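Asks: Take a look at model-v2.tsv, TSV, C-alpha atoms:
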chain	number	residue	atom	x	y	z
A	1	MET	CA	119.54	65.90	52.94
A	2	PRO	CA	121.99	68.72	52.04
A	3	TRP	CA	119.05	71.02	51.33
A	4	LEU	CA	117.37	70.12	54.62
A	5	LEU	CA	120.61	71.00	56.40
A	6	LEU	CA	120.70	74.30	54.56
A	7	LEU	CA	117.15	74.95	55.76
A	8	ALA	CA	118.12	74.05	59.34
A	9	ARG	CA	121.15	76.32	59.07
A	10	VAL	CA	119.16	79.27	57.78
A	11	VAL	CA	116.37	78.88	60.36
A	12	ALA	CA	118.58	78.50	63.43
A	13	ALA	CA	121.34	80.88	62.34
A	14	GLY	CA	118.91	83.46	60.99
A	15	ALA	CA	117.04	83.56	64.30
A	16	LEU	CA	120.27	83.81	66.30
A	17	VAL	CA	121.77	86.59	64.21
A	18	LEU	CA	118.51	88.54	64.31
A	19	ALA	CA	118.24	88.08	68.08
A	20	GLY	CA	121.85	89.15	68.61
A	21	VAL	CA	121.63	92.19	66.35
A	22	MET	CA	118.41	93.34	68.01
A	23	LYS	CA	119.82	92.88	71.52
A	24	LEU	CA	122.82	95.00	70.53
A	25	GLY	CA	120.59	97.65	68.98
A	26	PHE	CA	122.24	97.49	65.55
A	27	ILE	CA	118.87	97.90	63.84
A	28	GLY	CA	117.21	101.22	64.53
A	29	GLY	CA	118.48	104.65	65.49
A	30	SER	CA	121.33	105.64	67.77
A	31	ALA	CA	118.96	105.94	70.71
A	32	GLN	CA	118.01	102.32	70.30
A	33	ALA	CA	121.67	101.34	70.06
A	34	ALA	CA	122.35	103.06	73.37
A	35	ASN	CA	119.25	101.57	75.01
A	36	ALA	CA	119.35	98.01	73.72
A	37	PRO	CA	121.98	96.48	76.03
A	38	LEU	CA	120.32	97.97	79.09
A	39	VAL	CA	116.91	96.70	77.98
A	40	PHE	CA	118.40	93.21	77.64
A	41	ALA	CA	120.24	93.54	80.95
A	42	LEU	CA	116.99	94.37	82.72
A	43	SER	CA	115.33	91.34	81.13
A	44	LEU	CA	118.23	89.17	82.29
A	45	GLN	CA	118.00	90.61	85.77
A	46	SER	CA	114.29	89.90	85.98
A	47	PHE	CA	114.99	86.21	85.32
A	48	LYS	CA	116.65	86.18	88.77
A	49	LEU	CA	119.17	83.54	87.76
A	50	LEU	CA	122.41	85.53	87.65
A	51	PRO	CA	124.19	87.53	90.33
A	52	ASP	CA	124.04	91.26	89.54
A	53	ALA	CA	127.81	91.38	88.95
A	54	LEU	CA	127.50	88.92	86.07
A	55	VAL	CA	124.57	90.62	84.33
A	56	PRO	CA	126.64	93.22	82.40
A	57	VAL	CA	129.07	90.50	81.24
A	58	VAL	CA	126.33	88.21	79.99
A	59	THR	CA	124.48	91.18	78.50
A	60	TYR	CA	127.25	91.71	75.96
A	61	PHE	CA	128.57	88.18	75.63
A	62	VAL	CA	125.29	86.45	74.73
A	63	PRO	CA	124.32	88.68	71.78
A	64	TRP	CA	127.85	88.69	70.36
A	65	CYS	CA	127.98	84.93	70.67
A	66	GLU	CA	124.66	84.76	68.83
A	67	VAL	CA	126.01	86.99	66.07
A	68	VAL	CA	129.35	85.16	65.70
A	69	ALA	CA	128.07	81.58	65.95
A	70	GLY	CA	124.92	82.39	63.96
A	71	GLY	CA	126.91	84.28	61.32
A	72	LEU	CA	129.37	81.43	60.81
A	73	MET	CA	126.57	78.88	60.66
A	74	LEU	CA	124.63	81.00	58.18
A	75	LEU	CA	127.66	81.21	55.89
A	76	GLY	CA	128.44	77.54	56.30
A	77	VAL	CA	131.89	78.15	57.81
A	78	TRP	CA	132.78	75.83	60.69
A	79	SER	CA	129.16	74.72	60.52
A	80	ARG	CA	129.49	71.82	62.95
A	81	GLN	CA	131.24	73.89	65.58
A	82	SER	CA	129.05	76.96	65.22
A	83	GLY	CA	126.03	74.64	65.24
A	84	ALA	CA	127.26	73.07	68.49
A	85	VAL	CA	127.80	76.46	70.13
A	86	ALA	CA	124.39	77.62	68.91
A	87	ALA	CA	122.71	74.45	70.20
A	88	GLY	CA	124.39	74.91	73.57
A	89	MET	CA	123.21	78.49	73.81
A	90	LEU	CA	119.66	77.63	72.79
A	91	LEU	CA	119.47	74.82	75.33
A	92	VAL	CA	120.68	77.16	78.09
A	93	PHE	CA	118.12	79.77	77.01
A	94	THR	CA	115.41	77.09	77.06
A	95	LEU	CA	116.35	76.04	80.59
A	96	ALA	CA	116.31	79.67	81.71
A	97	LEU	CA	112.87	80.26	80.18
A	98	GLY	CA	111.62	77.00	81.69
A	99	SER	CA	112.75	78.06	85.15
A	100	VAL	CA	110.90	81.35	84.72
A	101	LEU	CA	107.70	79.47	83.89
A	102	VAL	CA	108.12	77.00	86.73
A	103	ARG	CA	108.68	79.86	89.20
A	104	GLY	CA	105.71	81.74	87.73
A	105	LEU	CA	107.66	84.96	87.20
A	106	PRO	CA	105.73	87.49	85.09
A	107	VAL	CA	108.75	88.59	83.01
A	108	GLU	CA	109.36	89.40	79.37
A	109	CYS	CA	111.55	87.14	77.24
A	110	GLY	CA	113.80	89.87	75.82
A	111	CYS	CA	114.86	87.25	73.26
A	112	PHE	CA	114.67	89.49	70.19
A	113	GLY	CA	115.31	92.83	71.87
A	114	GLY	CA	111.65	93.82	71.74
A	115	LEU	CA	111.38	93.30	67.97
A	116	PHE	CA	108.07	91.49	68.31
A	117	GLY	CA	106.90	93.49	71.30
A	118	GLU	CA	107.72	92.50	74.84
A	119	THR	CA	105.45	89.66	75.80
A	120	LYS	CA	105.53	87.51	78.88
A	121	VAL	CA	107.43	84.20	78.68
A	122	THR	CA	105.14	81.32	77.70
A	123	TRP	CA	105.52	77.70	76.60
A	124	VAL	CA	105.50	78.99	73.01
A	125	ASN	CA	108.96	80.47	73.69
A	126	ILE	CA	110.15	77.09	74.94
A	127	ALA	CA	108.73	75.27	71.88
A	128	ARG	CA	110.31	77.81	69.52
A	129	ASN	CA	113.68	77.43	71.21
A	130	LEU	CA	113.51	73.64	71.04
A	131	VAL	CA	112.80	73.76	67.29
A	132	LEU	CA	115.75	76.12	66.80
A	133	ALA	CA	117.95	73.92	69.01
A	134	ALA	CA	116.96	70.84	66.97
A	135	CYS	CA	118.02	72.65	63.78
A	136	ALA	CA	121.34	73.63	65.36
A	137	VAL	CA	121.95	70.09	66.64
A	138	ALA	CA	121.28	68.70	63.14
A	139	VAL	CA	123.91	71.07	61.71
A	140	ALA	CA	126.36	70.22	64.52
A	141	ILE	CA	126.02	66.51	63.76
A	142	ALA	CA	125.66	66.43	59.97
A	143	GLY	CA	127.44	69.60	58.85
A	144	GLY	CA	126.38	72.62	56.86
A	145	GLY	CA	124.81	70.85	53.88
A	146	ALA	CA	124.14	72.69	50.62
A	147	LEU	CA	125.70	76.06	49.80
A	148	ALA	CA	128.11	75.95	52.73
A	149	LEU	CA	131.19	78.08	52.08
A	150	LYS	CA	133.44	75.52	53.77
A	151	PRO	CA	131.76	72.12	53.38
A	152	ASP	CA	134.80	70.06	54.46
A	153	GLU	CA	133.99	70.03	58.14
A	154	THR	CA	135.89	68.35	60.92
A	155	ARG	CA	134.07	65.89	63.12
A	156	PRO	CA	134.11	65.83	66.93
A	157	HIS	CA	136.73	63.01	67.12
A	158	GLN	CA	139.19	64.88	64.87
B	1	MET	CA	140.47	70.68	66.14
B	2	TRP	CA	136.72	70.44	66.82
B	3	LEU	CA	136.90	71.75	70.36
B	4	LYS	CA	139.54	74.29	69.36
B	5	ARG	CA	137.16	75.84	66.83
B	6	CYS	CA	134.36	75.96	69.39
B	7	ALA	CA	136.74	77.68	71.80
B	8	ILE	CA	137.76	80.18	69.11
B	9	ILE	CA	134.10	81.06	68.50
B	10	LEU	CA	133.59	81.69	72.21
B	11	VAL	CA	136.81	83.67	72.64
B	12	VAL	CA	136.11	85.87	69.60
B	13	SER	CA	132.60	86.51	70.94
B	14	ALA	CA	133.99	87.43	74.34
B	15	ALA	CA	136.55	89.77	72.77
B	16	LEU	CA	133.91	91.53	70.67
B	17	ALA	CA	131.67	91.80	73.74
B	18	ALA	CA	134.50	93.36	75.75
B	19	VAL	CA	135.30	95.89	73.03
B	20	ASP	CA	131.61	96.73	72.58
B	21	SER	CA	131.02	97.24	76.30
B	22	PHE	CA	133.85	99.79	76.44
B	23	ALA	CA	132.96	101.46	73.14
B	24	ARG	CA	129.34	102.25	73.96
B	25	PRO	CA	128.89	106.02	74.28
B	26	SER	CA	126.96	105.91	77.51
B	27	ALA	CA	128.13	103.51	80.15
B	28	TRP	CA	125.38	102.12	82.33
B	29	THR	CA	125.08	100.06	85.43
B	30	VAL	CA	122.42	97.64	86.55
B	31	ASN	CA	121.01	98.54	89.90
B	32	SER	CA	121.64	96.03	92.61
B	33	SER	CA	118.65	94.45	94.27
B	34	THR	CA	119.17	96.67	97.31
B	35	LYS	CA	116.33	99.16	97.34
B	36	LYS	CA	116.36	102.48	99.13
B	37	GLU	CA	113.18	103.34	100.95
B	38	SER	CA	111.76	106.75	100.22
B	39	LYS	CA	111.78	108.98	103.26
B	40	GLY	CA	108.16	109.94	102.73
B	41	ALA	CA	106.90	106.40	102.35
B	42	ASP	CA	105.77	106.03	105.92
B	43	ASN	CA	104.81	109.63	106.52
B	44	THR	CA	101.36	110.40	105.20
B	45	ALA	CA	101.72	114.07	106.10
B	46	ALA	CA	104.95	114.50	104.14
B	47	PRO	CA	105.05	117.36	101.65
B	48	VAL	CA	105.49	116.65	97.96
B	49	ALA	CA	108.90	115.07	97.69
B	50	LYS	CA	111.47	116.47	95.32
B	51	LEU	CA	114.36	114.07	95.24
B	52	PRO	CA	117.83	115.40	94.50
B	53	THR	CA	118.72	114.89	90.86
B	54	ASP	CA	121.63	112.66	91.77
B	55	ALA	CA	119.54	110.29	93.87
B	56	PRO	CA	119.92	106.63	92.89
B	57	ALA	CA	116.99	105.27	90.90
B	58	THR	CA	116.16	102.65	93.46
B	59	ALA	CA	113.83	104.52	95.81
B	60	THR	CA	110.64	102.70	96.72
B	61	ALA	CA	107.43	103.38	98.60
B	62	HIS	CA	104.73	101.12	100.04
B	63	ASP	CA	101.97	103.35	101.41
B	64	ALA	CA	99.09	103.98	99.00
B	65	ASN	CA	97.86	106.95	101.02
B	66	TRP	CA	101.33	108.53	100.82
B	67	PHE	CA	101.18	107.96	97.06
B	68	SER	CA	97.78	109.64	96.93
B	69	ASP	CA	98.99	112.61	99.00
B	70	GLN	CA	101.97	113.09	96.73
B	71	LEU	CA	99.69	113.17	93.69
B	72	ALA	CA	97.46	115.73	95.38
B	73	GLY	CA	100.57	117.83	95.95
B	74	GLY	CA	101.63	117.79	92.31
B	75	ALA	CA	103.56	114.53	91.91
B	76	LEU	CA	103.14	112.53	88.70
B	77	ALA	CA	102.05	108.90	88.48
B	78	ILE	CA	103.60	106.68	85.81
B	79	ASP	CA	101.83	103.44	84.91
B	80	ALA	CA	104.27	100.77	83.66
B	81	ARG	CA	101.63	98.10	83.02
B	82	THR	CA	100.30	96.89	79.67
B	83	ALA	CA	98.11	99.13	77.50
B	84	GLU	CA	95.14	96.82	78.10
B	85	LYS	CA	95.41	97.08	81.86
B	86	PHE	CA	96.01	100.82	81.67
B	87	SER	CA	92.84	101.31	79.57
B	88	GLU	CA	90.86	99.13	81.93
B	89	SER	CA	91.75	101.13	85.01
B	90	HIS	CA	94.60	103.24	86.35
B	91	VAL	CA	95.58	105.83	88.93
B	92	PRO	CA	93.88	109.14	88.03
B	93	GLY	CA	96.11	111.33	85.88
B	94	ALA	CA	98.73	108.64	85.39
B	95	ILE	CA	100.94	108.64	82.29
B	96	HIS	CA	101.23	105.31	80.51
B	97	LEU	CA	104.90	104.40	80.03
B	98	PRO	CA	105.47	100.64	79.80
B	99	PHE	CA	108.95	99.11	79.72
B	100	GLU	CA	108.49	97.95	76.14
B	101	ALA	CA	108.34	101.60	75.04
B	102	PHE	CA	112.08	101.78	75.73
B	103	THR	CA	112.98	98.89	73.42
B	104	LYS	CA	112.61	101.15	70.38
B	105	GLY	CA	114.79	103.93	71.74
B	106	ARG	CA	113.75	107.04	73.62
B	107	PRO	CA	109.95	107.01	74.08
B	108	ASP	CA	108.16	110.22	73.10
B	109	ALA	CA	106.51	110.27	76.52
B	110	VAL	CA	109.89	110.98	78.12
B	111	ASP	CA	109.94	114.38	76.42
B	112	PHE	CA	106.70	115.29	78.15
B	113	LEU	CA	107.88	114.49	81.65
B	114	PRO	CA	108.51	117.56	83.80
B	115	ASP	CA	112.15	118.50	84.33
B	116	ASP	CA	111.59	120.74	87.35
B	117	GLY	CA	112.26	118.09	89.97
B	118	THR	CA	108.65	116.97	90.26
B	119	LEU	CA	108.46	113.59	91.94
B	120	MET	CA	107.36	110.76	89.66
B	121	ILE	CA	105.87	107.65	91.20
B	122	ILE	CA	106.03	104.54	89.05
B	123	TYR	CA	103.81	101.52	89.57
B	124	CYS	CA	102.88	98.25	87.87
B	125	ASP	CA	101.09	95.16	89.16
B	126	GLY	CA	102.86	94.83	92.51
B	127	GLY	CA	104.10	91.45	93.75
B	128	ASP	CA	106.62	89.94	91.32
B	129	CYS	CA	106.02	92.63	88.71
B	130	ASP	CA	109.30	94.44	88.09
B	131	ALA	CA	108.25	96.61	85.13
B	132	SER	CA	108.20	99.67	87.35
B	133	HIS	CA	111.80	99.09	88.46
B	134	LYS	CA	112.84	98.59	84.84
B	135	VAL	CA	111.14	101.83	83.80
B	136	GLN	CA	112.83	103.58	86.73
B	137	THR	CA	116.23	102.35	85.56
B	138	MET	CA	115.54	103.37	81.95
B	139	LEU	CA	114.41	106.84	83.02
B	140	GLU	CA	117.63	107.21	84.97
B	141	GLN	CA	119.52	106.65	81.72
B	142	PHE	CA	117.77	109.69	80.32
B	143	GLY	CA	118.73	111.76	83.33
B	144	ILE	CA	115.37	111.48	85.12
B	145	LYS	CA	116.27	110.48	88.65
B	146	ASN	CA	113.48	111.96	90.74
B	147	THR	CA	111.44	108.77	90.72
B	148	VAL	CA	110.03	106.41	93.29
B	149	VAL	CA	108.60	102.94	92.70
B	150	PHE	CA	105.33	102.21	94.46
B	151	GLU	CA	106.01	98.59	95.37
B	152	GLU	CA	102.42	97.59	96.07
B	153	GLY	CA	101.45	98.50	92.52
B	154	PHE	CA	97.97	99.11	91.23
B	155	PRO	CA	96.49	96.31	93.39
B	156	GLY	CA	97.78	98.18	96.45
B	157	TRP	CA	96.17	101.39	95.23
B	158	GLN	CA	92.84	99.62	94.71
B	159	LYS	CA	93.09	97.81	98.04
B	160	ALA	CA	93.36	101.17	99.78
B	161	GLY	CA	90.01	102.12	98.25
B	162	LEU	CA	91.46	105.04	96.32
B	163	PRO	CA	89.70	106.33	93.18
B	164	VAL	CA	90.63	105.02	89.74
B	165	GLU	CA	90.28	106.30	86.20
B	166	THR	CA	89.45	104.34	83.05
B	167	GLY	CA	90.29	104.83	79.38
B	168	SER	CA	93.54	105.63	77.62
Could you rewrite the structure in this file as C-alpha cells?
Replies:
Amino acid sequence: MPWLLLLARVVAAGALVLAGVMKLGFIGGSAQAANAPLVFALSLQSFKLLPDALVPVVTYFVPWCEVVAGGLMLLGVWSRQSGAVAAGMLLVFTLALGSVLVRGLPVECGCFGGLFGETKVTWVNIARNLVLAACAVAVAIAGGGALALKPDETRPHQ
Amino acid sequence: MWLKRCAIILVVSAALAAVDSFARPSAWTVNSSTKKESKGADNTAAPVAKLPTDAPATATAHDANWFSDQLAGGALAIDARTAEKFSESHVPGAIHLPFEAFTKGRPDAVDFLPDDGTLMIIYCDGGDCDASHKVQTMLEQFGIKNTVVFEEGFPGWQKAGLPVETGS
C-alpha cells in the first residue's frame, strides 16, 4: 500500500507540476516564457466559461497552484492537503473539459502548455484527468505513503 | 489544521501568481469579446487596407469577395488551421501559421511577415473556430497589429466560389 500511494503521488503530482511549469513557460527559451501565459489565457478564453476580467487571474493562479500543490505532493509534504487541492483542481478541469465536449466547441486543451502539440479536447482528456484525480484522491485520503518527507499527516477531522 | 493547510497552499499559490503576473517583462491583455468591424469589410471596391499600427487586434471581416480583392491588391492571407487542412486546400498564397506554432515561443514565420503595414487577413474554419482570433492576439504581442480576421473562414471562401490552392 505505501508503494502504491507513492506511485499515485508521483503520477498525479508529476503531471500537475509538468502542466504548471509548461503553462508558465519555465521550460524553453525566454520567448516561450513570455508567450506561455498568453497562450494559456487564450485557451481559457476559448472555453467560454469565464468572464474576460477573470481570465488573467486564473491564467496565473491555476499553473502556480499546480506547481505548489503538485510540488508538495511529489515531496510528500502535507500530502493529504496537497492531494485534496490537486483532486479539486483536476475535478474542476474535468468539468470544464466536459462542458467543452458537450457544447461541441472545437478548442484545444492547453493542459500542458502545448508540450504534446495542441490537439482538440476529446474524451481521452477527460479519462486522463479522472485517472489523475483518482490518484490525488487516494493520496488525500490515505496520505503520502512511501518515501514521503513528512509522513505524519493530519486527517480531515484534526 | 487540515483546512488551514489547504488554505495555505491556495494563498501561497495566489501570492506567487500575483508576483509572477507583475514580474513578467511584457504585460499583456486578453481582448474582450467585442470585435471591431473592418471598415472595408462591406465595401468590395475598397483599396488595400493598411491599418494603423496602433489599431486593436480585434478587427474582423465577413465578405469573401472583399478578402479576395484585398489579396489582389497585395494583402497577405494567413491560414491558422491545422497542417493537414492547409495541405488539403487553402487560400492561394496563404502563409500557414497555426496557433500551436506560438506555444514554443516566437514562430519563425513571424520573421517573414512584412513590416511595411501590409494588411494581413487571418482565417481558420469559420463558425466556432477561434484559432484565427488567437493568432491575431499572438501577432499583436509581437507588434504586428495590421491584421483582420475573416470570420467566415475557409468555408466562407469556398462558398463564394473563389479559387483554392493545394499543397504545403
Asks: Could you please give me, as a PyMOL selection string, the residues of protein, DNA or RNA lying at most 12 Å from (102.7, 102.2, 89.2) in the coordinate frame of the file, considering only C-alpha atoms?
Replies: chain B and resi 60-62+64+67-68+76-82+85-86+89-99+120-127+129-136+147-158
Asks: Which residues of chain B are close to chain A, meaning at most 10 Å apart when you count all atoms listed in the file, and how do they look as a count of residues only?
Replies: 55
Asks: Show me, as a ChimeraX atom specification, the residues that have an atom within 7 Å of segment 137-146 of chain A when counting all atoms listed in the file, minus same-chain residues fewer than 2 positions from it.
Replies: /A:2-3,5-6,8-9,76,79-81,83-84,87,133-135,148,151,153
Asks: In Å, rounded to a single decimal, give me how far atom CA of Gly73 of chain B is from atom CA of Leu162 of chain B.
Replies: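 Between atom CA of Leu162 of chain B and atom CA of Gly73 of chain B the gap works out to 15.7 Å.
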Asks: Please indicate the distance in Å from atom CA of Trp123 of chain A to atom CA of Leu95 of chain A, rounded to one decimal place.
Replies: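 Straight-line distance from atom CA of Trp123 of chain A to atom CA of Leu95 of chain A works out to 11.7 Å.
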Asks: Work out how far atom CA of Lys48 of chain A is from atom CA of Trp66 of chain B, in Å to one decimal.
Replies: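 Going from atom CA of Trp66 of chain B over to atom CA of Lys48 of chain A, I get 29.7 Å.
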Asks: Could N, CA, C and O atoms be built for segment 60-76 of chain A and written out as a PDB file, keeping the file's coordinate frame?
Replies:
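The resulting file, out.pdb, is reproduced below:
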ATOM      1  N   TYR A  60     126.500  91.504  77.209  1.00  0.00           N
ATOM      2  CA  TYR A  60     127.250  91.710  75.960  1.00  0.00           C
ATOM      3  C   TYR A  60     127.691  90.405  75.330  1.00  0.00           C
ATOM      4  O   TYR A  60     127.757  90.286  74.104  1.00  0.00           O
ATOM      5  N   PHE A  61     128.036  89.427  76.171  1.00  0.00           N
ATOM      6  CA  PHE A  61     128.570  88.180  75.630  1.00  0.00           C
ATOM      7  C   PHE A  61     127.516  87.394  74.839  1.00  0.00           C
ATOM      8  O   PHE A  61     127.790  86.919  73.727  1.00  0.00           O
ATOM      9  N   VAL A  62     126.321  87.265  75.394  1.00  0.00           N
ATOM     10  CA  VAL A  62     125.290  86.450  74.730  1.00  0.00           C
ATOM     11  C   VAL A  62     124.959  86.961  73.322  1.00  0.00           C
ATOM     12  O   VAL A  62     125.018  86.187  72.360  1.00  0.00           O
ATOM     13  N   PRO A  63     124.639  88.252  73.153  1.00  0.00           N
ATOM     14  CA  PRO A  63     124.320  88.680  71.780  1.00  0.00           C
ATOM     15  C   PRO A  63     125.483  88.568  70.803  1.00  0.00           C
ATOM     16  O   PRO A  63     125.277  88.215  69.646  1.00  0.00           O
ATOM     17  N   TRP A  64     126.713  88.828  71.279  1.00  0.00           N
ATOM     18  CA  TRP A  64     127.850  88.690  70.360  1.00  0.00           C
ATOM     19  C   TRP A  64     128.085  87.234  70.003  1.00  0.00           C
ATOM     20  O   TRP A  64     128.473  86.915  68.873  1.00  0.00           O
ATOM     21  N   CYS A  65     127.854  86.351  70.952  1.00  0.00           N
ATOM     22  CA  CYS A  65     127.980  84.930  70.670  1.00  0.00           C
ATOM     23  C   CYS A  65     126.914  84.495  69.660  1.00  0.00           C
ATOM     24  O   CYS A  65     127.170  83.684  68.771  1.00  0.00           O
ATOM     25  N   GLU A  66     125.726  85.062  69.796  1.00  0.00           N
ATOM     26  CA  GLU A  66     124.660  84.760  68.830  1.00  0.00           C
ATOM     27  C   GLU A  66     125.054  85.237  67.432  1.00  0.00           C
ATOM     28  O   GLU A  66     124.847  84.538  66.443  1.00  0.00           O
ATOM     29  N   VAL A  67     125.628  86.429  67.374  1.00  0.00           N
ATOM     30  CA  VAL A  67     126.010  86.990  66.070  1.00  0.00           C
ATOM     31  C   VAL A  67     127.152  86.196  65.446  1.00  0.00           C
ATOM     32  O   VAL A  67     127.105  85.839  64.249  1.00  0.00           O
ATOM     33  N   VAL A  68     128.172  85.865  66.248  1.00  0.00           N
ATOM     34  CA  VAL A  68     129.350  85.160  65.700  1.00  0.00           C
ATOM     35  C   VAL A  68     128.991  83.726  65.318  1.00  0.00           C
ATOM     36  O   VAL A  68     129.221  83.300  64.173  1.00  0.00           O
ATOM     37  N   ALA A  69     128.409  82.980  66.251  1.00  0.00           N
ATOM     38  CA  ALA A  69     128.070  81.580  65.950  1.00  0.00           C
ATOM     39  C   ALA A  69     127.001  81.518  64.866  1.00  0.00           C
ATOM     40  O   ALA A  69     127.098  80.710  63.923  1.00  0.00           O
ATOM     41  N   GLY A  70     125.986  82.372  64.971  1.00  0.00           N
ATOM     42  CA  GLY A  70     124.920  82.390  63.960  1.00  0.00           C
ATOM     43  C   GLY A  70     125.452  82.809  62.597  1.00  0.00           C
ATOM     44  O   GLY A  70     125.083  82.234  61.573  1.00  0.00           O
ATOM     45  N   GLY A  71     126.349  83.805  62.592  1.00  0.00           N
ATOM     46  CA  GLY A  71     126.910  84.280  61.320  1.00  0.00           C
ATOM     47  C   GLY A  71     127.715  83.202  60.628  1.00  0.00           C
ATOM     48  O   GLY A  71     127.579  82.984  59.417  1.00  0.00           O
ATOM     49  N   LEU A  72     128.559  82.503  61.402  1.00  0.00           N
ATOM     50  CA  LEU A  72     129.370  81.430  60.810  1.00  0.00           C
ATOM     51  C   LEU A  72     128.473  80.309  60.288  1.00  0.00           C
ATOM     52  O   LEU A  72     128.690  79.781  59.192  1.00  0.00           O
ATOM     53  N   MET A  73     127.455  79.972  61.071  1.00  0.00           N
ATOM     54  CA  MET A  73     126.570  78.880  60.660  1.00  0.00           C
ATOM     55  C   MET A  73     125.797  79.273  59.397  1.00  0.00           C
ATOM     56  O   MET A  73     125.607  78.472  58.487  1.00  0.00           O
ATOM     57  N   LEU A  74     125.382  80.529  59.351  1.00  0.00           N
ATOM     58  CA  LEU A  74     124.630  81.000  58.180  1.00  0.00           C
ATOM     59  C   LEU A  74     125.488  80.909  56.920  1.00  0.00           C
ATOM     60  O   LEU A  74     125.006  80.504  55.850  1.00  0.00           O
ATOM     61  N   LEU A  75     126.756  81.265  57.049  1.00  0.00           N
ATOM     62  CA  LEU A  75     127.660  81.210  55.890  1.00  0.00           C
ATOM     63  C   LEU A  75     128.103  79.789  55.564  1.00  0.00           C
ATOM     64  O   LEU A  75     128.576  79.525  54.461  1.00  0.00           O
ATOM     65  N   GLY A  76     127.969  78.903  56.519  1.00  0.00           N
ATOM     66  CA  GLY A  76     128.440  77.540  56.300  1.00  0.00           C
ATOM     67  C   GLY A  76     129.933  77.428  56.522  1.00  0.00           C
ATOM     68  O   GLY A  76     130.610  76.629  55.876  1.00  0.00           O
TER      69      GLY A  76
END
